[in-house]
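Below is coords-v1.tsv, holding TSV, C-alpha atoms.
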```tsv
chain	number	residue	atom	x	y	z
M	1	GLY	CA	6.05	20.27	8.80
M	2	ALA	CA	5.08	19.07	5.30
M	3	VAL	CA	2.12	16.93	6.31
M	4	VAL	CA	-0.28	15.66	3.67
M	5	SER	CA	-3.50	13.90	4.55
M	6	GLN	CA	-5.82	11.75	2.49
M	7	HIS	CA	-9.39	10.79	3.14
M	8	PRO	CA	-10.67	8.16	3.23
M	9	SER	CA	-7.80	5.79	4.01
M	10	TRP	CA	-9.77	2.93	2.53
M	11	VAL	CA	-13.05	2.51	0.73
M	12	ILE	CA	-15.10	-0.39	-0.60
M	13	CYS	CA	-17.74	0.34	-3.18
M	14	LYS	CA	-20.00	-1.42	-5.65
M	15	SER	CA	-19.24	-1.48	-9.33
M	16	GLY	CA	-20.75	1.50	-11.13
M	17	THR	CA	-20.59	3.92	-8.23
M	18	SER	CA	-18.35	6.96	-7.92
M	19	VAL	CA	-15.78	7.50	-5.22
M	20	LYS	CA	-14.17	10.77	-4.16
M	21	ILE	CA	-10.75	10.91	-2.52
M	22	GLU	CA	-9.50	14.08	-0.83
M	23	CYS	CA	-5.90	15.18	-0.53
M	24	ARG	CA	-4.97	18.02	1.79
M	25	SER	CA	-1.71	19.75	2.64
M	26	LEU	CA	-2.15	20.49	6.32
M	27	ASP	CA	0.66	22.88	7.16
M	28	PHE	CA	1.76	24.35	3.85
M	29	GLN	CA	0.33	25.66	0.61
M	30	ALA	CA	0.83	23.38	-2.35
M	31	THR	CA	1.16	24.99	-5.74
M	32	THR	CA	0.95	21.60	-7.39
M	33	MET	CA	-0.57	18.30	-6.40
M	34	PHE	CA	-0.02	14.94	-8.04
M	35	TRP	CA	-2.07	11.75	-8.11
M	36	TYR	CA	-0.47	8.33	-8.35
M	37	ARG	CA	-1.67	4.79	-8.57
M	38	GLN	CA	0.19	1.83	-7.16
M	39	PHE	CA	-0.56	-1.83	-7.80
M	40	PRO	CA	0.64	-4.48	-5.32
M	41	LYS	CA	4.42	-4.86	-5.24
M	42	GLN	CA	4.85	-2.31	-7.98
M	43	SER	CA	6.16	1.21	-8.20
M	44	LEU	CA	4.09	4.36	-8.29
M	45	MET	CA	2.62	5.46	-11.60
M	46	LEU	CA	1.79	9.12	-12.10
M	47	MET	CA	-1.80	9.63	-13.19
M	48	ALA	CA	-2.11	13.40	-13.32
M	49	THR	CA	-0.74	16.74	-12.22
M	50	SER	CA	-2.99	19.46	-10.93
M	51	ASN	CA	-2.33	23.13	-10.29
M	52	GLU	CA	-4.65	25.24	-8.19
M	53	GLY	CA	-7.31	26.90	-10.27
M	54	SER	CA	-6.48	25.19	-13.56
M	55	LYS	CA	-7.32	21.96	-15.31
M	56	ALA	CA	-5.35	18.87	-14.46
M	57	THR	CA	-2.82	17.44	-16.87
M	58	TYR	CA	-3.22	13.72	-17.36
M	59	GLU	CA	-0.54	11.23	-18.23
M	60	GLN	CA	-0.84	9.23	-21.41
M	61	GLY	CA	-3.30	6.38	-21.06
M	62	VAL	CA	-5.20	7.87	-18.11
M	63	GLU	CA	-8.86	8.55	-18.86
M	64	LYS	CA	-9.62	12.07	-17.76
M	65	ASP	CA	-13.39	11.49	-17.87
M	66	LYS	CA	-13.03	8.56	-15.53
M	67	PHE	CA	-10.59	10.11	-13.07
M	68	LEU	CA	-11.88	13.61	-12.37
M	69	ILE	CA	-9.46	15.90	-10.58
M	70	ASN	CA	-10.35	19.17	-8.94
M	71	HIS	CA	-7.81	21.45	-7.31
M	72	ALA	CA	-10.02	24.00	-5.64
M	73	SER	CA	-7.49	25.61	-3.32
M	74	LEU	CA	-3.81	25.63	-2.44
M	75	THR	CA	-4.45	23.00	0.22
M	76	LEU	CA	-7.05	20.69	-1.33
M	77	SER	CA	-7.23	18.45	-4.37
M	78	THR	CA	-9.83	15.77	-5.02
M	79	LEU	CA	-9.81	12.70	-7.23
M	80	THR	CA	-13.16	11.23	-8.21
M	81	VAL	CA	-13.22	7.77	-9.72
M	82	THR	CA	-16.41	7.72	-11.75
M	83	SER	CA	-18.36	4.57	-12.54
M	84	ALA	CA	-15.79	2.47	-10.75
M	85	HIS	CA	-15.09	-1.07	-11.89
M	86	PRO	CA	-13.10	-3.88	-10.24
M	87	GLU	CA	-10.07	-3.09	-12.40
M	88	ASP	CA	-9.95	0.35	-10.75
M	89	SER	CA	-9.18	-1.31	-7.43
M	90	SER	CA	-5.79	-0.02	-6.39
M	91	PHE	CA	-3.84	2.08	-3.93
M	92	TYR	CA	-4.17	5.77	-4.78
M	93	ILE	CA	-1.60	8.20	-3.40
M	94	CYS	CA	-1.47	11.95	-3.67
M	95	SER	CA	1.46	14.26	-3.20
M	96	ALA	CA	1.82	17.98	-2.72
M	97	ARG	CA	4.64	20.18	-3.81
M	98	VAL	CA	5.78	23.63	-2.82
M	99	GLY	CA	7.08	25.91	-5.52
M	100	ALA	CA	9.67	28.62	-5.06
M	101	GLY	CA	9.56	30.68	-1.93
M	102	GLY	CA	9.08	27.95	0.62
M	103	GLY	CA	11.00	27.71	3.84
M	104	ALA	CA	13.39	25.08	5.08
M	105	ARG	CA	10.55	22.64	5.51
M	106	PRO	CA	8.87	21.81	3.32
M	107	LEU	CA	11.64	21.88	0.77
M	108	THR	CA	10.76	23.51	-2.51
M	109	ASP	CA	10.50	21.31	-5.58
M	110	THR	CA	9.93	18.29	-3.38
M	111	GLN	CA	6.82	16.15	-3.30
M	112	TYR	CA	5.39	15.16	0.06
M	113	PHE	CA	3.04	12.23	0.01
M	114	GLY	CA	-0.23	11.43	1.69
M	115	PRO	CA	-0.85	8.10	3.43
M	116	GLY	CA	-2.76	6.70	0.47
M	117	THR	CA	-6.29	5.42	-0.13
M	118	ARG	CA	-6.98	1.77	-0.79
M	119	LEU	CA	-9.93	1.42	-3.15
M	120	THR	CA	-11.69	-1.89	-3.57
M	121	VAL	CA	-14.47	-2.14	-6.13
M	122	LEU	CA	-16.72	-5.15	-5.80
V	123	ALA	CA	14.52	9.92	-21.56
V	124	GLN	CA	14.47	9.73	-17.81
V	125	LYS	CA	15.03	6.43	-16.08
V	126	VAL	CA	15.75	5.17	-12.60
V	127	THR	CA	17.04	1.66	-12.04
V	128	GLN	CA	17.02	-0.14	-8.72
V	129	ALA	CA	18.49	-3.49	-9.63
V	130	GLN	CA	18.02	-5.00	-6.17
V	131	THR	CA	14.44	-6.21	-5.95
V	132	GLU	CA	14.72	-7.62	-2.45
V	133	ILE	CA	17.37	-7.58	0.24
V	134	SER	CA	17.29	-9.44	3.51
V	135	VAL	CA	19.85	-8.91	6.26
V	136	VAL	CA	20.17	-9.63	9.93
V	137	GLU	CA	19.67	-6.78	12.34
V	138	LYS	CA	22.74	-4.63	13.00
V	139	GLU	CA	24.25	-5.39	9.62
V	140	ASP	CA	25.02	-2.53	7.25
V	141	VAL	CA	23.13	-2.53	3.96
V	142	THR	CA	23.47	-0.48	0.76
V	143	LEU	CA	20.64	0.12	-1.66
V	144	ASP	CA	21.75	0.91	-5.19
V	145	CYS	CA	20.24	3.47	-7.53
V	146	VAL	CA	21.35	4.31	-11.06
V	147	TYR	CA	19.68	7.03	-13.07
V	148	GLU	CA	19.60	8.34	-16.62
V	149	THR	CA	18.79	11.87	-17.68
V	150	ARG	CA	19.84	14.37	-20.32
V	151	ASP	CA	19.04	17.30	-18.06
V	152	THR	CA	21.92	19.14	-16.45
V	153	THR	CA	19.77	20.30	-13.55
V	154	TYR	CA	17.76	17.73	-11.68
V	155	TYR	CA	16.93	16.42	-8.25
V	156	LEU	CA	17.33	12.94	-6.87
V	157	PHE	CA	15.25	11.59	-4.01
V	158	TRP	CA	14.91	8.64	-1.72
V	159	TYR	CA	11.55	7.71	-0.22
V	160	LYS	CA	10.67	4.98	2.28
V	161	GLN	CA	7.38	3.08	2.08
V	162	PRO	CA	6.69	1.05	5.24
V	163	PRO	CA	3.92	-1.59	5.29
V	164	SER	CA	1.40	1.11	6.17
V	165	GLY	CA	1.80	2.44	2.62
V	166	GLU	CA	2.69	6.06	3.23
V	167	LEU	CA	5.72	7.35	1.37
V	168	VAL	CA	8.14	9.05	3.70
V	169	PHE	CA	10.56	11.59	2.25
V	170	LEU	CA	14.15	10.85	3.24
V	171	ILE	CA	16.41	13.07	1.18
V	172	ARG	CA	16.64	15.35	-1.83
V	173	ARG	CA	19.92	15.96	-3.63
V	174	ASN	CA	20.56	18.69	-6.22
V	175	SER	CA	22.52	17.67	-9.30
V	176	PHE	CA	25.11	20.35	-8.58
V	177	ASP	CA	25.80	19.11	-5.09
V	178	GLU	CA	27.82	15.93	-4.99
V	179	GLN	CA	28.56	16.10	-1.32
V	180	ASN	CA	27.71	12.94	0.49
V	181	GLU	CA	25.25	13.26	3.32
V	182	ILE	CA	24.86	11.52	6.62
V	183	SER	CA	21.79	11.60	8.83
V	184	GLY	CA	22.07	9.37	11.84
V	185	ARG	CA	22.34	5.79	10.59
V	186	TYR	CA	21.53	6.85	7.04
V	187	SER	CA	24.05	8.00	4.48
V	188	TRP	CA	23.89	8.77	0.80
V	189	ASN	CA	26.61	8.62	-1.85
V	190	PHE	CA	25.98	10.67	-4.98
V	191	GLN	CA	28.38	10.19	-7.89
V	192	LYS	CA	27.60	11.93	-11.16
V	193	SER	CA	30.44	10.13	-12.92
V	194	THR	CA	28.59	6.85	-12.53
V	195	SER	CA	25.06	8.33	-12.38
V	196	SER	CA	24.51	6.67	-9.06
V	197	PHE	CA	22.83	7.75	-5.84
V	198	ASN	CA	23.28	4.94	-3.34
V	199	PHE	CA	21.76	4.73	0.11
V	200	THR	CA	23.42	3.01	3.06
V	201	ILE	CA	21.83	2.08	6.36
V	202	THR	CA	24.34	1.43	9.11
V	203	ALA	CA	23.53	-0.92	11.99
V	204	SER	CA	20.16	-1.79	10.51
V	205	GLN	CA	17.10	-2.21	12.71
V	206	VAL	CA	13.86	-4.11	12.25
V	207	VAL	CA	12.02	-0.78	11.90
V	208	ASP	CA	14.03	-0.13	8.75
V	209	SER	CA	12.08	-2.88	7.00
V	210	ALA	CA	10.24	-1.22	4.12
V	211	VAL	CA	10.28	-0.66	0.39
V	212	TYR	CA	12.71	2.06	-0.59
V	213	PHE	CA	12.26	4.07	-3.76
V	214	CYS	CA	14.85	6.16	-5.54
V	215	ALA	CA	13.39	8.90	-7.73
V	216	LEU	CA	14.49	11.52	-10.26
V	217	SER	CA	12.81	14.81	-11.08
V	218	TYR	CA	12.02	15.81	-14.65
V	219	SER	CA	9.77	18.24	-16.52
V	220	ALA	CA	7.38	20.41	-14.55
V	221	SER	CA	8.71	18.96	-11.32
V	222	LYS	CA	7.32	15.52	-12.01
V	223	ILE	CA	9.33	12.69	-10.61
V	224	ILE	CA	9.93	9.21	-11.93
V	225	PHE	CA	10.37	6.37	-9.47
V	226	GLY	CA	12.57	3.34	-9.61
V	227	SER	CA	10.95	-0.03	-9.16
V	228	GLY	CA	11.83	-0.09	-5.48
V	229	THR	CA	13.91	-2.32	-3.24
V	230	ARG	CA	12.15	-4.34	-0.57
V	231	LEU	CA	14.36	-4.41	2.51
V	232	SER	CA	13.74	-6.96	5.24
V	233	ILE	CA	15.66	-6.77	8.49
V	234	ARG	CA	15.56	-10.02	10.45
V	235	PRO	CA	15.88	-9.89	14.23
```
Can I see the file as structure tokens?
Amino acid sequence: GAVVSQHPSWVICKSGTSVKIECRSLDFQATTMFWYRQFPKQSLMLMATSNEGSKATYEQGVEKDKFLINHASLTLSTLTVTSAHPEDSSFYICSARVGAGGGARPLTDTQYFGPGTRLTVL
Amino acid sequence: AQKVTQAQTEISVVEKEDVTLDCVYETRDTTYYLFWYKQPPSGELVFLIRRNSFDEQNEISGRYSWNFQKSTSSFNFTITASQVVDSAVYFCALSYSASKIIFGSGTRLSIRP
């Protein structure tokens, strides 16, 4: 249990285009989903937190108009990188969290991560 | 302020050796969670363990064991009889407001055959 998928696993796009990344919790309902960015050989940096049916909360320094987040259901969140530029090239990882009331697996108050999406902007 | 420190940037050991990954954290909260995640070369973060701040019992899962000591704000991770498949980056993490978590900088573990 506690499986999170991401699609696509990698994407190459031209500068100026938009790219959408999907994050799905496959076998549980996620009250909250998180989006992270990871540069090579660095730790994960939280970009935003999204709750189903409400606007995402962005971390300081993250442009909300550039990184659009939609959390349409308890199992799906999307991140759209708008007008992508080479500096947006990175590894994007989502996570899903179960709030109170979950079973033994997934554990509540624990984030389960997707496999990540490698974005390359030419 | 919340902070997680993993002072060991890289560790390299020969297969079958035991290895301990250190994690020191800072928080003013009295209730918090600590985590360890494994990131193999494929990139996916794999959840290993969650520990509640009120539970200082050490835990063992197969070759993995964790030592949580509030007195020293440490949550160390030991792999016994290491294997090549254990090679990965390991992250220690601490929960804070609204269930966000902050990650340490990670320790890159290489197990040589």
Atomic separation - CA of Gln205 in chain V relative to CA of Ser164 in chain V, Å: 17.3 Å
Nearest candidate to chain V (options M:Phe28, M:Phe34, M:Tyr58, M:Phe39; using all atoms listed in the file): M:Phe34
Expected answer as number ranges by chain: chain V residues within 8 Å of chain M, only C-alpha atoms: V: 164-169, 172, 221, 225-228
Where does range 130-189 of chain V meet range 207-213 of chain V within 9 Å, residue by residue, with the nearest atom pair and distance in Å to one decimal for each, counting all atoms listed in the file, listed by chain and rising number, as JSON lines?
```
{"residue": "V:Glu132", "atom": "CA", "partner": "V:Val211", "partner_atom": "CA", "distance": 8.7}
{"residue": "V:Leu143", "atom": "CA", "partner": "V:Tyr212", "partner_atom": "CA", "distance": 8.2}
{"residue": "V:Cys145", "atom": "CA", "partner": "V:Phe213", "partner_atom": "CA", "distance": 8.8}
{"residue": "V:Phe157", "atom": "CA", "partner": "V:Phe213", "partner_atom": "CA", "distance": 8.1}
{"residue": "V:Trp158", "atom": "CA", "partner": "V:Phe213", "partner_atom": "CA", "distance": 5.7}
{"residue": "V:Tyr159", "atom": "CA", "partner": "V:Phe213", "partner_atom": "CA", "distance": 5.1}
{"residue": "V:Lys160", "atom": "CA", "partner": "V:Tyr212", "partner_atom": "CA", "distance": 4.6}
{"residue": "V:Gln161", "atom": "CA", "partner": "V:Val211", "partner_atom": "CA", "distance": 5.0}
{"residue": "V:Pro162", "atom": "CA", "partner": "V:Ala210", "partner_atom": "CA", "distance": 4.4}
{"residue": "V:Pro163", "atom": "CA", "partner": "V:Ala210", "partner_atom": "CA", "distance": 6.4}
{"residue": "V:Leu167", "atom": "CA", "partner": "V:Phe213", "partner_atom": "CA", "distance": 8.9}
```
Distance in Å - CA of Ala215 in chain V versus CA of Ser196 in chain V: 11.4 Å
Reconstruct N, CA and C atoms of range 78-89 of chain M from the incomplete input and present them as a PDB file, in the coordinates of the input.
```
ATOM      1  N   THR M  78      -8.997  16.964  -5.116  1.00  0.00           N
ATOM      2  CA  THR M  78      -9.830  15.770  -5.020  1.00  0.00           C
ATOM      3  C   THR M  78      -9.713  14.955  -6.294  1.00  0.00           C
ATOM      4  N   LEU M  79      -9.780  13.646  -6.112  1.00  0.00           N
ATOM      5  CA  LEU M  79      -9.810  12.700  -7.230  1.00  0.00           C
ATOM      6  C   LEU M  79     -11.117  11.935  -7.128  1.00  0.00           C
ATOM      7  N   THR M  80     -11.916  11.992  -8.182  1.00  0.00           N
ATOM      8  CA  THR M  80     -13.160  11.230  -8.210  1.00  0.00           C
ATOM      9  C   THR M  80     -13.048  10.135  -9.253  1.00  0.00           C
ATOM     10  N   VAL M  81     -13.198   8.910  -8.807  1.00  0.00           N
ATOM     11  CA  VAL M  81     -13.220   7.770  -9.720  1.00  0.00           C
ATOM     12  C   VAL M  81     -14.677   7.552 -10.097  1.00  0.00           C
ATOM     13  N   THR M  82     -15.016   7.824 -11.325  1.00  0.00           N
ATOM     14  CA  THR M  82     -16.410   7.720 -11.750  1.00  0.00           C
ATOM     15  C   THR M  82     -16.707   6.332 -12.311  1.00  0.00           C
ATOM     16  N   SER M  83     -17.914   5.874 -12.054  1.00  0.00           N
ATOM     17  CA  SER M  83     -18.360   4.570 -12.540  1.00  0.00           C
ATOM     18  C   SER M  83     -17.253   3.525 -12.332  1.00  0.00           C
ATOM     19  N   ALA M  84     -16.920   3.350 -11.086  1.00  0.00           N
ATOM     20  CA  ALA M  84     -15.790   2.470 -10.750  1.00  0.00           C
ATOM     21  C   ALA M  84     -16.059   1.023 -11.123  1.00  0.00           C
ATOM     22  N   HIS M  85     -15.020   0.345 -11.546  1.00  0.00           N
ATOM     23  CA  HIS M  85     -15.090  -1.070 -11.890  1.00  0.00           C
ATOM     24  C   HIS M  85     -14.006  -1.817 -11.122  1.00  0.00           C
ATOM     25  N   PRO M  86     -14.104  -3.127 -11.002  1.00  0.00           N
ATOM     26  CA  PRO M  86     -13.100  -3.880 -10.240  1.00  0.00           C
ATOM     27  C   PRO M  86     -11.662  -3.614 -10.669  1.00  0.00           C
ATOM     28  N   GLU M  87     -11.458  -3.356 -11.941  1.00  0.00           N
ATOM     29  CA  GLU M  87     -10.070  -3.090 -12.400  1.00  0.00           C
ATOM     30  C   GLU M  87      -9.529  -1.751 -11.905  1.00  0.00           C
ATOM     31  N   ASP M  88     -10.409  -0.910 -11.333  1.00  0.00           N
ATOM     32  CA  ASP M  88      -9.950   0.350 -10.750  1.00  0.00           C
ATOM     33  C   ASP M  88      -9.468   0.161  -9.320  1.00  0.00           C
ATOM     34  N   SER M  89      -9.655  -1.023  -8.786  1.00  0.00           N
ATOM     35  CA  SER M  89      -9.180  -1.310  -7.430  1.00  0.00           C
ATOM     36  C   SER M  89      -7.669  -1.133  -7.394  1.00  0.00           C
TER      37      SER M  89
END
```
